[in-house]
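> model_5.cif (mmCIF, C-alpha atoms) pasted underneath:
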```
data_structure
#
loop_
_atom_site.group_PDB
_atom_site.id
_atom_site.type_symbol
_atom_site.label_atom_id
_atom_site.label_comp_id
_atom_site.auth_asym_id
_atom_site.auth_seq_id
_atom_site.Cartn_x
_atom_site.Cartn_y
_atom_site.Cartn_z
ATOM 1 C CA MET A 70 -28.296 12.199 -16.747
ATOM 2 C CA LYS A 71 -27.265 10.525 -13.521
ATOM 3 C CA VAL A 72 -25.366 7.278 -13.189
ATOM 4 C CA LYS A 73 -25.167 5.191 -10.056
ATOM 5 C CA ILE A 74 -22.251 2.827 -9.586
ATOM 6 C CA GLU A 75 -22.520 0.183 -6.912
ATOM 7 C CA VAL A 76 -19.130 -1.065 -5.735
ATOM 8 C CA MET A 77 -18.827 -4.233 -3.634
ATOM 9 C CA LEU A 78 -15.875 -6.264 -2.400
ATOM 10 C CA ARG A 79 -15.548 -9.461 -4.412
ATOM 11 C CA ASP A 80 -17.276 -12.462 -2.803
ATOM 12 C CA ALA A 81 -14.023 -14.249 -1.952
ATOM 13 C CA ILE A 82 -12.731 -11.307 0.068
ATOM 14 C CA LEU A 83 -13.339 -11.058 3.782
ATOM 15 C CA ASP A 84 -15.540 -8.073 4.622
ATOM 16 C CA PRO A 85 -14.999 -7.361 8.334
ATOM 17 C CA GLN A 86 -17.389 -4.387 8.232
ATOM 18 C CA GLY A 87 -20.187 -6.586 6.900
ATOM 19 C CA ASN A 88 -19.458 -9.196 9.569
ATOM 20 C CA THR A 89 -19.583 -6.567 12.314
ATOM 21 C CA ILE A 90 -22.915 -5.255 11.021
ATOM 22 C CA LYS A 91 -24.257 -8.815 10.970
ATOM 23 C CA LYS A 92 -23.244 -9.330 14.614
ATOM 24 C CA SER A 93 -24.818 -6.012 15.567
ATOM 25 C CA LEU A 94 -28.077 -6.935 13.840
ATOM 26 C CA ALA A 95 -28.096 -10.289 15.641
ATOM 27 C CA SER A 96 -27.579 -8.566 19.002
ATOM 28 C CA LEU A 97 -30.575 -6.350 18.239
ATOM 29 C CA GLY A 98 -32.751 -9.387 17.689
ATOM 30 C CA PHE A 99 -32.547 -9.724 13.908
ATOM 31 C CA LYS A 100 -31.676 -13.387 14.113
ATOM 32 C CA ASN A 101 -32.482 -14.426 10.559
ATOM 33 C CA VAL A 102 -29.614 -12.490 8.929
ATOM 34 C CA LYS A 103 -27.401 -14.947 7.070
ATOM 35 C CA SER A 104 -24.668 -12.554 5.983
ATOM 36 C CA VAL A 105 -23.999 -8.851 5.400
ATOM 37 C CA ARG A 106 -21.663 -7.266 2.851
ATOM 38 C CA GLN A 107 -21.021 -3.538 2.835
ATOM 39 C CA GLY A 108 -20.155 -1.639 -0.326
ATOM 40 C CA LYS A 109 -20.284 1.901 -1.600
ATOM 41 C CA LEU A 110 -22.385 3.896 -3.999
ATOM 42 C CA ILE A 111 -20.943 6.483 -6.364
ATOM 43 C CA GLU A 112 -23.314 8.885 -8.099
ATOM 44 C CA ILE A 113 -22.158 10.748 -11.194
ATOM 45 C CA ASP A 114 -24.044 13.488 -13.005
ATOM 46 C CA LEU A 115 -23.141 13.557 -16.717
ATOM 47 C CA ASN A 116 -23.424 16.308 -19.303
ATOM 48 C CA SER A 117 -25.106 13.800 -21.582
ATOM 49 C CA SER A 118 -28.417 12.033 -21.969
ATOM 50 C CA SER A 119 -27.326 8.992 -23.946
ATOM 51 C CA SER A 120 -26.610 5.939 -21.840
ATOM 52 C CA THR A 121 -25.532 3.969 -24.919
ATOM 53 C CA LYS A 122 -22.906 6.611 -25.738
ATOM 54 C CA GLU A 123 -21.681 6.880 -22.160
ATOM 55 C CA LYS A 124 -21.639 3.200 -21.184
ATOM 56 C CA LYS A 125 -18.065 2.598 -22.352
ATOM 57 C CA ASN A 126 -16.898 5.824 -20.804
ATOM 58 C CA ILE A 127 -18.352 4.895 -17.424
ATOM 59 C CA GLU A 128 -16.888 1.404 -17.657
ATOM 60 C CA LYS A 129 -13.488 2.947 -18.314
ATOM 61 C CA MET A 130 -13.901 5.202 -15.259
ATOM 62 C CA CYS A 131 -14.694 2.106 -13.201
ATOM 63 C CA GLU A 132 -11.749 0.098 -14.502
ATOM 64 C CA ASP A 133 -9.220 2.937 -14.336
ATOM 65 C CA VAL A 134 -10.097 4.752 -11.131
ATOM 66 C CA LEU A 135 -13.359 4.063 -9.375
ATOM 67 C CA THR A 136 -12.793 0.399 -8.539
ATOM 68 C CA ASN A 137 -9.896 -1.972 -7.969
ATOM 69 C CA SER A 138 -10.628 -4.981 -10.154
ATOM 70 C CA LEU A 139 -8.568 -7.304 -7.948
ATOM 71 C CA THR A 140 -10.728 -6.728 -4.887
ATOM 72 C CA GLU A 141 -13.940 -5.091 -6.093
ATOM 73 C CA LYS A 142 -16.804 -5.636 -8.527
ATOM 74 C CA TYR A 143 -19.275 -3.051 -9.752
ATOM 75 C CA LYS A 144 -22.686 -2.528 -11.307
ATOM 76 C CA ILE A 145 -23.632 0.495 -13.384
ATOM 77 C CA LYS A 146 -27.136 1.888 -13.359
ATOM 78 C CA PHE A 147 -28.214 4.784 -15.597
ATOM 79 C CA LEU A 148 -31.014 6.911 -14.139
ATOM 80 C CA LYS A 149 -33.395 8.860 -16.334
ATOM 81 C CA MET B 1157 23.609 9.587 -4.271
ATOM 82 C CA LYS B 1158 20.444 11.443 -5.241
ATOM 83 C CA ILE B 1159 17.223 10.732 -3.397
ATOM 84 C CA ALA B 1160 13.783 12.309 -3.836
ATOM 85 C CA ILE B 1161 10.716 12.112 -1.633
ATOM 86 C CA VAL B 1162 7.367 12.643 -3.346
ATOM 87 C CA VAL B 1163 4.919 14.824 -1.464
ATOM 88 C CA PHE B 1164 1.226 14.210 -2.124
ATOM 89 C CA PRO B 1165 -1.527 16.304 -0.558
ATOM 90 C CA GLY B 1166 -1.952 14.442 2.719
ATOM 91 C CA SER B 1167 1.520 12.878 2.955
ATOM 92 C CA ASN B 1168 2.692 13.098 6.562
ATOM 93 C CA CYS B 1169 5.853 10.983 6.783
ATOM 94 C CA ASP B 1170 7.790 12.955 4.157
ATOM 95 C CA ARG B 1171 9.738 14.969 6.727
ATOM 96 C CA ASP B 1172 10.318 11.964 8.995
ATOM 97 C CA ILE B 1173 11.954 10.009 6.200
ATOM 98 C CA SER B 1174 13.955 13.026 5.059
ATOM 99 C CA TRP B 1175 15.234 13.413 8.615
ATOM 100 C CA ALA B 1176 16.155 9.733 8.870
ATOM 101 C CA ILE B 1177 18.065 9.803 5.556
ATOM 102 C CA LYS B 1178 19.905 13.023 6.449
ATOM 103 C CA ASN B 1179 20.693 11.675 9.910
ATOM 104 C CA ILE B 1180 22.139 8.410 8.610
ATOM 105 C CA SER B 1181 23.782 9.497 5.345
ATOM 106 C CA GLY B 1182 24.486 13.167 5.963
ATOM 107 C CA LYS B 1183 22.763 14.043 2.676
ATOM 108 C CA LYS B 1184 19.411 15.748 2.525
ATOM 109 C CA PRO B 1185 16.956 14.353 -0.056
ATOM 110 C CA ASP B 1186 14.911 16.590 -2.352
ATOM 111 C CA TYR B 1187 11.146 16.906 -2.134
ATOM 112 C CA LEU B 1188 9.084 16.508 -5.305
ATOM 113 C CA TRP B 1189 5.508 17.831 -5.381
ATOM 114 C CA HIS B 1190 3.149 15.250 -6.864
ATOM 115 C CA LYS B 1191 2.337 17.504 -9.817
ATOM 116 C CA GLU B 1192 5.913 17.449 -11.115
ATOM 117 C CA LYS B 1193 6.346 15.891 -14.545
ATOM 118 C CA ASN B 1194 9.883 16.866 -15.435
ATOM 119 C CA PHE B 1195 12.589 16.387 -12.877
ATOM 120 C CA THR B 1196 16.236 15.495 -12.710
ATOM 121 C CA ASN B 1197 17.441 11.897 -12.407
ATOM 122 C CA TYR B 1198 17.371 10.280 -9.009
ATOM 123 C CA ASP B 1199 18.868 7.009 -7.779
ATOM 124 C CA LEU B 1200 15.971 6.491 -5.422
ATOM 125 C CA ILE B 1201 12.429 7.892 -5.272
ATOM 126 C CA ILE B 1202 10.398 7.421 -2.097
ATOM 127 C CA LEU B 1203 6.619 7.518 -1.784
ATOM 128 C CA PRO B 1204 6.141 8.296 1.914
ATOM 129 C CA GLY B 1205 3.456 7.343 4.389
ATOM 130 C CA GLY B 1206 0.410 9.436 5.149
ATOM 131 C CA PHE B 1207 -3.087 9.847 3.826
ATOM 132 C CA SER B 1208 -2.786 11.058 0.247
ATOM 133 C CA TYR B 1209 -6.067 12.655 -0.796
ATOM 134 C CA GLY B 1210 -7.501 11.801 2.608
ATOM 135 C CA ASP B 1211 -7.680 8.107 1.630
ATOM 136 C CA TYR B 1212 -10.777 9.042 -0.409
ATOM 137 C CA LEU B 1213 -12.195 6.390 -2.773
ATOM 138 C CA ARG B 1214 -9.545 3.789 -1.769
ATOM 139 C CA CYS B 1215 -6.209 4.314 -0.021
ATOM 140 C CA GLY B 1216 -3.644 5.369 -2.606
ATOM 141 C CA ALA B 1217 -6.132 5.259 -5.502
ATOM 142 C CA ILE B 1218 -6.211 8.960 -6.316
ATOM 143 C CA GLY B 1219 -2.514 9.415 -5.537
ATOM 144 C CA SER B 1220 -1.705 6.645 -8.019
ATOM 145 C CA HIS B 1221 -3.110 8.929 -10.752
ATOM 146 C CA SER B 1222 -1.113 11.997 -9.689
ATOM 147 C CA PRO B 1223 0.818 13.561 -12.594
ATOM 148 C CA ILE B 1224 4.191 12.451 -11.177
ATOM 149 C CA MET B 1225 3.261 8.772 -11.247
ATOM 150 C CA ASN B 1226 3.566 8.346 -15.027
ATOM 151 C CA GLU B 1227 7.171 9.487 -14.891
ATOM 152 C CA ILE B 1228 7.877 7.346 -11.819
ATOM 153 C CA LYS B 1229 6.529 4.284 -13.661
ATOM 154 C CA LYS B 1230 8.760 5.041 -16.656
ATOM 155 C CA ARG B 1231 11.822 5.491 -14.467
ATOM 156 C CA SER B 1232 11.137 2.315 -12.513
ATOM 157 C CA GLN B 1233 11.157 0.435 -15.827
ATOM 158 C CA LYS B 1234 14.589 1.925 -16.511
ATOM 159 C CA GLY B 1235 15.828 0.707 -13.129
ATOM 160 C CA THR B 1236 15.388 3.668 -10.768
ATOM 161 C CA LYS B 1237 14.813 2.322 -7.272
ATOM 162 C CA ILE B 1238 11.405 3.110 -5.810
ATOM 163 C CA ILE B 1239 10.230 2.624 -2.232
ATOM 164 C CA GLY B 1240 6.656 2.985 -0.997
ATOM 165 C CA ILE B 1241 6.128 2.966 2.750
ATOM 166 C CA CYS B 1242 2.618 2.548 4.189
ATOM 167 C CA ASN B 1243 0.484 4.892 2.033
ATOM 168 C CA GLY B 1244 3.333 4.758 -0.480
ATOM 169 C CA PHE B 1245 2.890 0.968 -0.644
ATOM 170 C CA GLN B 1246 -0.846 1.475 -1.226
ATOM 171 C CA ILE B 1247 -0.044 3.902 -4.067
ATOM 172 C CA LEU B 1248 2.357 1.360 -5.624
ATOM 173 C CA THR B 1249 -0.273 -1.406 -5.640
ATOM 174 C CA GLU B 1250 -2.984 0.935 -6.937
ATOM 175 C CA SER B 1251 -0.667 2.018 -9.751
ATOM 176 C CA LYS B 1252 0.045 -1.676 -10.498
ATOM 177 C CA MET B 1253 3.761 -1.192 -9.938
ATOM 178 C CA LEU B 1254 3.459 -3.928 -7.327
ATOM 179 C CA PRO B 1255 0.966 -6.809 -7.376
ATOM 180 C CA GLY B 1256 -1.895 -7.161 -4.902
ATOM 181 C CA SER B 1257 -3.864 -4.692 -2.855
ATOM 182 C CA LEU B 1258 -4.120 -3.411 0.724
ATOM 183 C CA LEU B 1259 -7.480 -3.793 2.393
ATOM 184 C CA LYS B 1260 -8.999 -2.624 5.669
ATOM 185 C CA ASN B 1261 -7.414 -4.341 8.694
ATOM 186 C CA GLU B 1262 -9.271 -7.469 9.699
ATOM 187 C CA ASN B 1263 -10.018 -6.072 13.171
ATOM 188 C CA LEU B 1264 -11.250 -2.752 11.681
ATOM 189 C CA LYS B 1265 -8.878 -0.804 13.924
ATOM 190 C CA PHE B 1266 -6.165 1.698 13.163
ATOM 191 C CA ILE B 1267 -3.146 -0.146 14.534
ATOM 192 C CA CYS B 1268 -0.273 1.981 15.798
ATOM 193 C CA LYS B 1269 2.309 -0.121 17.627
ATOM 194 C CA LYS B 1270 5.665 -1.835 17.340
ATOM 195 C CA ILE B 1271 5.588 -5.309 15.820
ATOM 196 C CA PHE B 1272 8.176 -7.910 14.810
ATOM 197 C CA LEU B 1273 9.214 -8.607 11.238
ATOM 198 C CA LYS B 1274 11.252 -11.410 9.765
ATOM 199 C CA VAL B 1275 13.605 -10.618 6.903
ATOM 200 C CA LYS B 1276 12.725 -13.329 4.378
ATOM 201 C CA ASN B 1277 15.017 -12.200 1.596
ATOM 202 C CA ASN B 1278 18.209 -10.256 2.247
ATOM 203 C CA ASN B 1279 19.427 -10.523 -1.314
ATOM 204 C CA THR B 1280 17.820 -7.234 -2.392
ATOM 205 C CA PHE B 1281 18.862 -3.586 -2.720
ATOM 206 C CA PHE B 1282 16.672 -2.796 0.254
ATOM 207 C CA SER B 1283 17.524 -5.537 2.737
ATOM 208 C CA LYS B 1284 21.131 -6.585 2.095
ATOM 209 C CA LYS B 1285 22.444 -5.266 5.438
ATOM 210 C CA TYR B 1286 20.087 -7.533 7.387
ATOM 211 C CA LYS B 1287 20.823 -11.184 8.025
ATOM 212 C CA LEU B 1288 18.510 -13.738 6.441
ATOM 213 C CA ASN B 1289 15.644 -14.444 8.873
ATOM 214 C CA GLU B 1290 16.749 -11.558 11.107
ATOM 215 C CA ILE B 1291 13.948 -10.446 13.406
ATOM 216 C CA ILE B 1292 13.424 -6.713 13.651
ATOM 217 C CA ASN B 1293 11.214 -4.649 15.896
ATOM 218 C CA ILE B 1294 9.552 -1.851 13.923
ATOM 219 C CA PRO B 1295 6.439 0.351 14.161
ATOM 220 C CA ILE B 1296 3.320 0.060 12.039
ATOM 221 C CA ALA B 1297 0.593 2.704 11.845
ATOM 222 C CA HIS B 1298 -2.248 1.950 9.471
ATOM 223 C CA MET B 1299 -5.929 1.163 9.021
ATOM 224 C CA GLU B 1300 -5.606 -0.480 5.590
ATOM 225 C CA GLY B 1301 -2.641 -2.837 5.699
ATOM 226 C CA ARG B 1302 -4.215 -6.230 5.007
ATOM 227 C CA TYR B 1303 -2.175 -7.402 2.050
ATOM 228 C CA TYR B 1304 -4.250 -9.383 -0.426
ATOM 229 C CA CYS B 1305 -3.392 -10.999 -3.744
ATOM 230 C CA SER B 1306 -4.628 -13.879 -5.886
ATOM 231 C CA LYS B 1307 -3.402 -17.447 -5.261
ATOM 232 C CA GLU B 1308 -1.424 -17.318 -8.517
ATOM 233 C CA THR B 1309 0.284 -14.066 -7.529
ATOM 234 C CA LEU B 1310 1.088 -15.468 -4.092
ATOM 235 C CA LYS B 1311 2.758 -18.494 -5.663
ATOM 236 C CA GLU B 1312 4.837 -16.214 -7.884
ATOM 237 C CA LEU B 1313 5.809 -13.971 -4.973
ATOM 238 C CA GLU B 1314 6.939 -17.003 -3.007
ATOM 239 C CA SER B 1315 8.819 -18.755 -5.770
ATOM 240 C CA ASN B 1316 10.560 -15.565 -6.932
ATOM 241 C CA GLY B 1317 11.637 -14.519 -3.444
ATOM 242 C CA GLN B 1318 9.578 -11.340 -3.698
ATOM 243 C CA ILE B 1319 8.324 -11.541 -0.106
ATOM 244 C CA ILE B 1320 10.852 -9.476 1.835
ATOM 245 C CA PHE B 1321 9.232 -8.951 5.238
ATOM 246 C CA GLN B 1322 6.687 -11.053 7.134
ATOM 247 C CA TYR B 1323 5.004 -10.321 10.462
ATOM 248 C CA CYS B 1324 6.193 -12.655 13.235
ATOM 249 C CA ASN B 1325 6.687 -12.803 17.001
ATOM 250 C CA ASP B 1326 9.899 -12.028 18.892
ATOM 251 C CA ASN B 1327 11.113 -15.580 18.202
ATOM 252 C CA GLY B 1328 10.468 -15.325 14.487
ATOM 253 C CA SER B 1329 7.391 -17.552 14.439
ATOM 254 C CA ILE B 1330 5.191 -16.604 11.479
ATOM 255 C CA LYS B 1331 1.727 -17.588 12.642
ATOM 256 C CA ASN B 1332 -1.641 -15.957 12.296
ATOM 257 C CA ASN B 1333 -1.511 -14.950 15.999
ATOM 258 C CA TYR B 1334 1.322 -12.570 15.110
ATOM 259 C CA ASN B 1335 -0.411 -11.137 12.088
ATOM 260 C CA PRO B 1336 -1.618 -7.654 13.111
ATOM 261 C CA ASN B 1337 -3.901 -6.901 10.190
ATOM 262 C CA GLY B 1338 -4.949 -10.150 8.487
ATOM 263 C CA SER B 1339 -2.422 -9.951 5.634
ATOM 264 C CA ILE B 1340 -2.232 -13.032 3.456
ATOM 265 C CA MET B 1341 0.744 -15.137 4.651
ATOM 266 C CA ASN B 1342 1.679 -12.391 7.156
ATOM 267 C CA ILE B 1343 3.098 -10.327 4.288
ATOM 268 C CA ALA B 1344 4.423 -6.920 5.360
ATOM 269 C CA GLY B 1345 6.660 -6.029 2.413
ATOM 270 C CA ILE B 1346 7.273 -7.175 -1.171
ATOM 271 C CA ILE B 1347 9.396 -6.240 -4.178
ATOM 272 C CA ASN B 1348 8.649 -6.369 -7.883
ATOM 273 C CA LEU B 1349 10.084 -9.095 -10.071
ATOM 274 C CA LYS B 1350 12.852 -6.834 -11.346
ATOM 275 C CA GLY B 1351 13.863 -6.107 -7.744
ATOM 276 C CA ASN B 1352 13.936 -2.313 -7.895
ATOM 277 C CA VAL B 1353 10.497 -1.456 -6.454
ATOM 278 C CA LEU B 1354 9.719 -2.177 -2.804
ATOM 279 C CA GLY B 1355 6.515 -1.647 -0.858
ATOM 280 C CA MET B 1356 6.137 -2.164 2.877
ATOM 281 C CA MET B 1357 3.601 -1.222 5.542
ATOM 282 C CA PRO B 1358 6.010 -0.828 8.524
ATOM 283 C CA HIS B 1359 7.904 2.425 9.046
ATOM 284 C CA PRO B 1360 11.723 2.076 9.107
ATOM 285 C CA GLU B 1361 12.041 5.868 9.369
ATOM 286 C CA ARG B 1362 10.344 5.707 12.758
ATOM 287 C CA CYS B 1363 12.973 3.410 14.235
ATOM 288 C CA SER B 1364 16.245 4.758 12.918
ATOM 289 C CA GLU B 1365 17.321 6.738 15.947
ATOM 290 C CA GLU B 1366 17.612 5.651 19.574
ATOM 291 C CA ILE B 1367 15.552 8.600 20.801
ATOM 292 C CA LEU B 1368 12.601 7.206 18.807
ATOM 293 C CA GLY B 1369 12.795 3.910 20.667
ATOM 294 C CA GLY B 1370 14.853 1.785 18.304
ATOM 295 C CA GLU B 1371 17.411 1.642 15.524
ATOM 296 C CA ASN B 1372 16.272 -1.420 13.569
ATOM 297 C CA GLY B 1373 15.483 0.733 10.542
ATOM 298 C CA ILE B 1374 19.086 1.935 10.097
ATOM 299 C CA LYS B 1375 20.134 -1.222 8.234
ATOM 300 C CA PHE B 1376 17.245 -0.684 5.819
ATOM 301 C CA PHE B 1377 18.607 2.730 4.840
ATOM 302 C CA ARG B 1378 22.230 1.549 4.852
ATOM 303 C CA SER B 1379 21.262 -1.291 2.480
ATOM 304 C CA ILE B 1380 19.893 1.262 0.034
ATOM 305 C CA PHE B 1381 22.780 3.696 0.376
ATOM 306 C CA GLU B 1382 25.229 0.890 -0.311
ATOM 307 C CA SER B 1383 23.191 -0.216 -3.349
ATOM 308 C CA ILE B 1384 23.113 3.200 -4.972
ATOM 309 C CA ASN B 1385 26.618 4.392 -4.170
#
```
In structure tokens, what does this structure look like?

Amino acid sequence: MKVKIEVMLRDAILDPQGNTIKKSLASLGFKNVKSVRQGKLIEIDLNSSSSTKEKKNIEKMCEDVLTNSLTEKYKIKFLK
Amino acid sequence: MKIAIVVFPGSNCDRDISWAIKNISGKKPDYLWHKEKNFTNYDLIILPGGFSYGDYLRCGAIGSHSPIMNEIKKRSQKGTKIIGICNGFQILTESKMLPGSLLKNENLKFICKKIFLKVKNNNTFFSKKYKLNEIINIPIAHMEGRYYCSKETLKELESNGQIIFQYCNDNGSIKNNYNPNGSIMNIAGIINLKGNVLGMMPHPERCSEEILGGENGIKFFRSIFESIN
């Protein structure tokens, strides 16, 4: 079973990469872009097929290693 | 005086800092590989600059889980002095030994140049040889040096005198114009509440010998040597 973890900087934190992308889009004519935030995607393949069993485990991975709770937030998505 | 320098895969300032310490004190520090779990007592343990684990995931994140870090945390609680410079600072925040975090520079550039720092607290093991508000010229070399912390943490850092170094200009003015990376309140270096763990982005080991272009870092090392002797 695969798990996708989307990691984004928290809303209050300046994201200079997102801002640069926004400016680039505007210069290419995409004028209706209000804001851009850039994050990262982590894909994990588990030796398990039970998302209920693994949910806590994945959350622990996120809290302990995969994200920094001060600056980042995350969403977990189990794929079938 | 026993000093150890931790070597992570990707550390690249370990030899520089060893050289600086040997040059100033005459004593050569030991190197400790990051997988060490049992090692002799040291007065000071240094986490050097570099790119531990290639900065993968987040700077310092994987290094903060290296086997040696559990023991370093335990020893810091017992009072062993710990210094993290640049990537070492990032490892200390990721391991929660220091509050806050270091984010990508606001201008998205790797900045490698000499800047000015103001010594905001000289009543510490690491800064006692400097005068209060002394301005020092020192190199920085980083891509992720934007210090960030919550408003509550910032208040605590200020009221407890935990902010040791702030970016400034050659006259000591601490304004955003003289902030190279977007750090909150121009913060370049902090200590923990107990006062035995210091993290800083600038590199004192790169300005501790005239041939390197400056000697402003010598007082940093002399402060520590005096504290542990």
> Pick out the residues sitting within 7 Å of Thr1236 (chain B), and hand them over as a PyMOL selection string; count all atoms listed in the file, and ignore anything fewer than 2 positions along from it in its own chain.
chain B and resi 1199-1200+1231-1232+1234+1238+1352
> Would you list which chain B residues are within 9 Å of chain A using only C-alpha atoms, as a list in words?
Leu1213, Arg1214, Ala1217, Ile1218, His1221, Glu1250, Gly1256, Ser1257, Leu1259, Lys1260, Asn1261, Glu1262, Asn1263, Leu1264, Tyr1304, Cys1305 and Ser1306 of chain B
> Residues picked by the PyMOL selection byres ((chain B and resi 1268) around 8) here, as an MDAnalysis selection string?
chainID B and resid 1266:1267 1269:1270 1295:1298
> Under the PyMOL selection byres ((chain A and resi 123-125) around 12), which residues of this model are included? Write them out as a ChimeraX atom specification.
/A:70-74,113-122,126-133,144-147
> Which distance in Å separates CA of Cys1169 (chain B) and CA of Ser1208 (chain B), to one decimal?
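Here the two named atoms are 10.8 Å from each other.
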> Could you check which residues have any atom within 10 Å of (-2.5, 9.2, 7.1), counting all atoms listed in the file with coordinates taken straight from the file, and then list them as an MDAnalysis selection string?
chainID B and resid 1166:1169 1205:1211 1215 1242:1243 1297:1299
> Include C-alpha atoms and write out the residues we just selected as a PDB file, keeping the file's coordinate frame.

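Output file part_6.pdb is given in full below:
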```pdb
ATOM      1  CA  GLY B1166      -1.952  14.442   2.719  1.00  0.00           C
ATOM      2  CA  SER B1167       1.520  12.878   2.955  1.00  0.00           C
ATOM      3  CA  ASN B1168       2.692  13.098   6.562  1.00  0.00           C
ATOM      4  CA  CYS B1169       5.853  10.983   6.783  1.00  0.00           C
ATOM      5  CA  GLY B1205       3.456   7.343   4.389  1.00  0.00           C
ATOM      6  CA  GLY B1206       0.410   9.436   5.149  1.00  0.00           C
ATOM      7  CA  PHE B1207      -3.087   9.847   3.826  1.00  0.00           C
ATOM      8  CA  SER B1208      -2.786  11.058   0.247  1.00  0.00           C
ATOM      9  CA  TYR B1209      -6.067  12.655  -0.796  1.00  0.00           C
ATOM     10  CA  GLY B1210      -7.501  11.801   2.608  1.00  0.00           C
ATOM     11  CA  ASP B1211      -7.680   8.107   1.630  1.00  0.00           C
ATOM     12  CA  CYS B1215      -6.209   4.314  -0.021  1.00  0.00           C
ATOM     13  CA  CYS B1242       2.618   2.548   4.189  1.00  0.00           C
ATOM     14  CA  ASN B1243       0.484   4.892   2.033  1.00  0.00           C
ATOM     15  CA  ALA B1297       0.593   2.704  11.845  1.00  0.00           C
ATOM     16  CA  HIS B1298      -2.248   1.950   9.471  1.00  0.00           C
ATOM     17  CA  MET B1299      -5.929   1.163   9.021  1.00  0.00           C
TER      18      MET B1299
END
```
> Residue by residue, what does the PyMOL selection byres ((chain B and resi 1338) around 7) grab here? Present the result as a list in words.
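Listing what the PyMOL selection byres ((chain B and resi 1338) around 7) selects in the shown file: Asn1261, Glu1262, Arg1302, Asn1335, Pro1336, Asn1337, Ser1339 and Ile1340 of chain B.
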> In Å, how far is it from CA of Val105 (chain A) to CA of Leu1258 (chain B)?
21.1 Å
